[in-house]
Structures are given as structure tokens and as C-alpha cells.
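Right, one structure below, let's go through it.
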Amino acid sequence: MILFPAIDLKDGKCVRLKLGDMDTATVYNDDPADQARAFEAQGFEWLHVVDLNGAFKGKSVNSAAVGAILKATKNPVQLGGGIRTLPQIEDWLDRGLARVILGTVAVRDPELVKEACRAFPGQVAVGIDAKGGKVAVEGWAEASSLGVVELAKKFEGAGVAAIIYTDIDRDGVLTGINWDSTIDLAEAVSIPVIASGGLASIADIVRMTMPDAAKLEGAISGRALYDGRIDPTEALAILKGKTKEAAW
């Protein structure tokens, strides 16, 4: 079970949003590379990065910051936001990303996702961001008519490395992950699912160790780490079974 610390990039800085609203950005670090080094030093083994500007623009905007992150950490990095074409995917993987996350293009052009999976086995993830149970695209600015499970099932057998599922209504507001819908999704498909949006406290970390969550690949944490609501050492110890944290 992996706990993915998140670096969300806006205008070259490490920020967190509330409910996906760019106007609510709180800057936590002016130097994303420094933040990447800090997460590695704390014991995290992966890094989740989102180019927020890129998600709205439809092309990479914070590429310099991502490049600096890749140089700063030995940890594998997954990146989403504005990656919409095969050349973009190939370029990012050549630059050292462990995997790319395709969101809007997974709705607009699922065949491209499948083609990317064939070309880059194990290095393509799909980001499914949902509001009210329907998939949102273009940096969460537009709603689609697609249901979450309906979209996920389009990629069964395609070789997608993981699905990052975000409940937009919980993102950045520390109300706890929507475990019911996340686990329902994980049970509906064979693709590994990563929970995102709302992870709030050590209680959510403990929840990740419950039997019904075992099928998840992990969860992403942002604001709770930056605000100190989750202690990295304690959280990682719980996930590795090295502490007798009280049951959920």
C-alpha cells in the first residue's frame, strides 16, 4: 500500500487548491524541487505531481518545475495535467517520469490511451476525476455525462497501470476520502485504483489497512501532509504494519 505525497504545481510553485478552484491556491513551497527532496527524506517512495496550469491549458506549462523535481529525487514520479498526445507522453517518459496520468484525453480519445499503453507498457495511468458521480475534464472545469465505472471499464485489458480516482467534492477540504465510491470502483475493475481527494488524518491511513481496501494500490495525500495533520513517520509505519495503531 503506497502513500503518494502530492506536489500540485501552479505558476512554478507548490500549491494546494480547495475543490479544484484555481483561485483558492495556497502556496506551500516556492521551490517544488526542494519539496520533492523533503518528501524523499521523510521516507516516501513515490511522488504524485500535477501540472494544474497544464490541466486547464491542455499542454504542459510547469515543465521546468517538473524537470527540477525529476533531478531532485530518486523516487519514481507520476505526472498528470495537460498531457494529451503520444509525442507528449513519449517526451515525458524520456525525461524520466515513471508514468504519465491521462485524464481529459481518456474521456475525449480512449483509443489514444490504449495506443499509449501498448507503446509504453506499465507507464500509463488514467486519472478519473468525478463530481457528483460524473467524470469532469479540462482541469475539472467541465462536466461530462460519463459515469466513473463506465469510463474505467473502457480500459479493462488495455494495460493501464493504475486509475487515480479523485472525488472533486472532497479535494483539499480534509473531509476524508470517499472510501465507498473508491472501493466500489476498485471492485468493478481489475485495474489497480489509487484513492485521491480529501485524505484528512491518520484515521484515513488506518482505513487504508482494512481488508476491503487491500485491493487499492494506495492513496494520495496533499494538504494533510503540508498542514501537519498527518505525521509522515507515523503514517508510513502504519502502512508497513510496524505500529499497533487502534483499529478503525
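Residue numbering restarts at 1 in every chain; chains get A, B, ... in the order shown in the C-alpha cells, and ligands count up from 1 in that same order.
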Excluding Arg16 of chain A and its own-chain neighbours fewer than 6 positions away, which residues fall within 9 Å of it when counting only C-alpha atoms? Please give them as a list in words.
Ile7, Asp8, Leu9, Lys10, Met22, Thr24, Ala25, Thr26, Val27, Tyr28, Gly172, Gly222, Arg223 and Tyr226 of chain A
Long-range neighbours of Ile83 of chain A as a PDB file with C-alpha atoms, in the first residue's frame, 7 Å cut-off, only C-alpha atoms, 3 positions minimum in chain:
```
ATOM      1  CA  GLY A  58      -4.247  21.406 -22.429  1.00  0.00           C
ATOM      2  CA  LYS A  59      -0.451  21.409 -22.627  1.00  0.00           C
ATOM      3  CA  SER A  60       2.452  21.288 -20.183  1.00  0.00           C
ATOM      4  CA  GLY A  80      -0.758  14.481 -14.746  1.00  0.00           C
ATOM      5  CA  GLN A  88       3.928  14.493 -25.172  1.00  0.00           C
ATOM      6  CA  ILE A  89       3.731  11.117 -23.426  1.00  0.00           C
ATOM      7  CA  LEU A 102      -4.061  10.817 -18.731  1.00  0.00           C
TER       8      LEU A 102
END
```
Shortest interatomic distance to Ile168 of chain A - which of A:Leu151, A:Ala188, A:Ala195, A:Val206, counting only C-alpha atoms:
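When distances to Ile168 of chain A are compared using only C-alpha atoms, the smallest one comes from A:Ala195.
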Do you know which residues are at most 12 Å from Ala36 of chain A counting only C-alpha atoms, after dropping those on the same chain fewer than 5 positions away, and could you put them as a PyMOL selection string?
chain A and resi 4-9+14+29-31+41-49+65-77
So that I can check the surroundings of Ala119 of chain A, please list as a ChimeraX atom specification every protein, DNA and RNA residue that reaches within 12 Å of it, counting only C-alpha atoms and ignoring chain neighbours fewer than 6 positions away.
/A:86-87,89-90,93,112-113,158-160
Convert the current residue selection to file output with N, CA and C atoms, as a PDB file, in the first residue's frame.
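Okay, this is what ended up in part30.pdb:
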```pdb
ATOM      1  N   LEU A  86       0.456  11.492 -27.946  1.00  0.00           N
ATOM      2  CA  LEU A  86       1.522  10.486 -27.856  1.00  0.00           C
ATOM      3  C   LEU A  86       2.918  11.117 -27.816  1.00  0.00           C
ATOM      4  N   PRO A  87       3.203  12.128 -28.639  1.00  0.00           N
ATOM      5  CA  PRO A  87       4.526  12.761 -28.531  1.00  0.00           C
ATOM      6  C   PRO A  87       4.789  13.356 -27.149  1.00  0.00           C
ATOM      7  N   ILE A  89       3.512  12.267 -24.308  1.00  0.00           N
ATOM      8  CA  ILE A  89       3.731  11.117 -23.426  1.00  0.00           C
ATOM      9  C   ILE A  89       5.160  10.610 -23.570  1.00  0.00           C
ATOM     10  N   GLU A  90       5.574  10.412 -24.818  1.00  0.00           N
ATOM     11  CA  GLU A  90       6.926   9.896 -25.074  1.00  0.00           C
ATOM     12  C   GLU A  90       7.984  10.844 -24.530  1.00  0.00           C
ATOM     13  N   LEU A  93       8.194  10.595 -20.668  1.00  0.00           N
ATOM     14  CA  LEU A  93       8.800   9.335 -20.232  1.00  0.00           C
ATOM     15  C   LEU A  93      10.296   9.328 -20.540  1.00  0.00           C
ATOM     16  N   LEU A 112      -6.564   6.593 -27.892  1.00  0.00           N
ATOM     17  CA  LEU A 112      -5.199   7.092 -27.726  1.00  0.00           C
ATOM     18  C   LEU A 112      -4.579   6.529 -26.455  1.00  0.00           C
ATOM     19  N   VAL A 113      -5.383   6.426 -25.404  1.00  0.00           N
ATOM     20  CA  VAL A 113      -4.892   5.847 -24.153  1.00  0.00           C
ATOM     21  C   VAL A 113      -4.469   4.402 -24.381  1.00  0.00           C
ATOM     22  N   ALA A 158      -6.533  -3.112 -21.278  1.00  0.00           N
ATOM     23  CA  ALA A 158      -5.734  -2.257 -22.165  1.00  0.00           C
ATOM     24  C   ALA A 158      -4.304  -2.103 -21.687  1.00  0.00           C
ATOM     25  N   GLY A 159      -4.052  -2.486 -20.431  1.00  0.00           N
ATOM     26  CA  GLY A 159      -2.701  -2.341 -19.899  1.00  0.00           C
ATOM     27  C   GLY A 159      -2.484  -1.079 -19.087  1.00  0.00           C
ATOM     28  N   VAL A 160      -3.587  -0.433 -18.664  1.00  0.00           N
ATOM     29  CA  VAL A 160      -3.467   0.757 -17.812  1.00  0.00           C
ATOM     30  C   VAL A 160      -2.827   0.363 -16.484  1.00  0.00           C
TER      31      VAL A 160
END
```
Please return, as a PyMOL selection string, all residues of segment 20-224 of chain A that DSSP assigns to alpha helix (DSSP H) on the basis of the backbone.
chain A and resi 32-41+52-57+63-72+86-94+104-108+110-119+148-153+179-188+202-207+223-224
Separation of atom CA of Ile177 of chain A from atom CA of Ile194 of chain A in Å
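Spanning atom CA of Ile194 of chain A to atom CA of Ile177 of chain A is a straight-line distance of 11.0 Å.
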With DSSP run on the backbone, what are the strand (DSSP E) residues within segment 126-199 of chain A? I'd like them as number ranges by chain.
A: 126-131, 134-137, 142-147, 163-167, 193-196
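Using only C-alpha atoms, the nearest neighbour of Asp184 of chain A within the list A:Val148, A:Val135, A:Val100, A:Val105 is A:Val148.
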From the list A:Leu216, A:Ile183, A:Val193, A:Leu97, which residue is nearest Ile128 of chain A when using only C-alpha atoms?
A:Val193
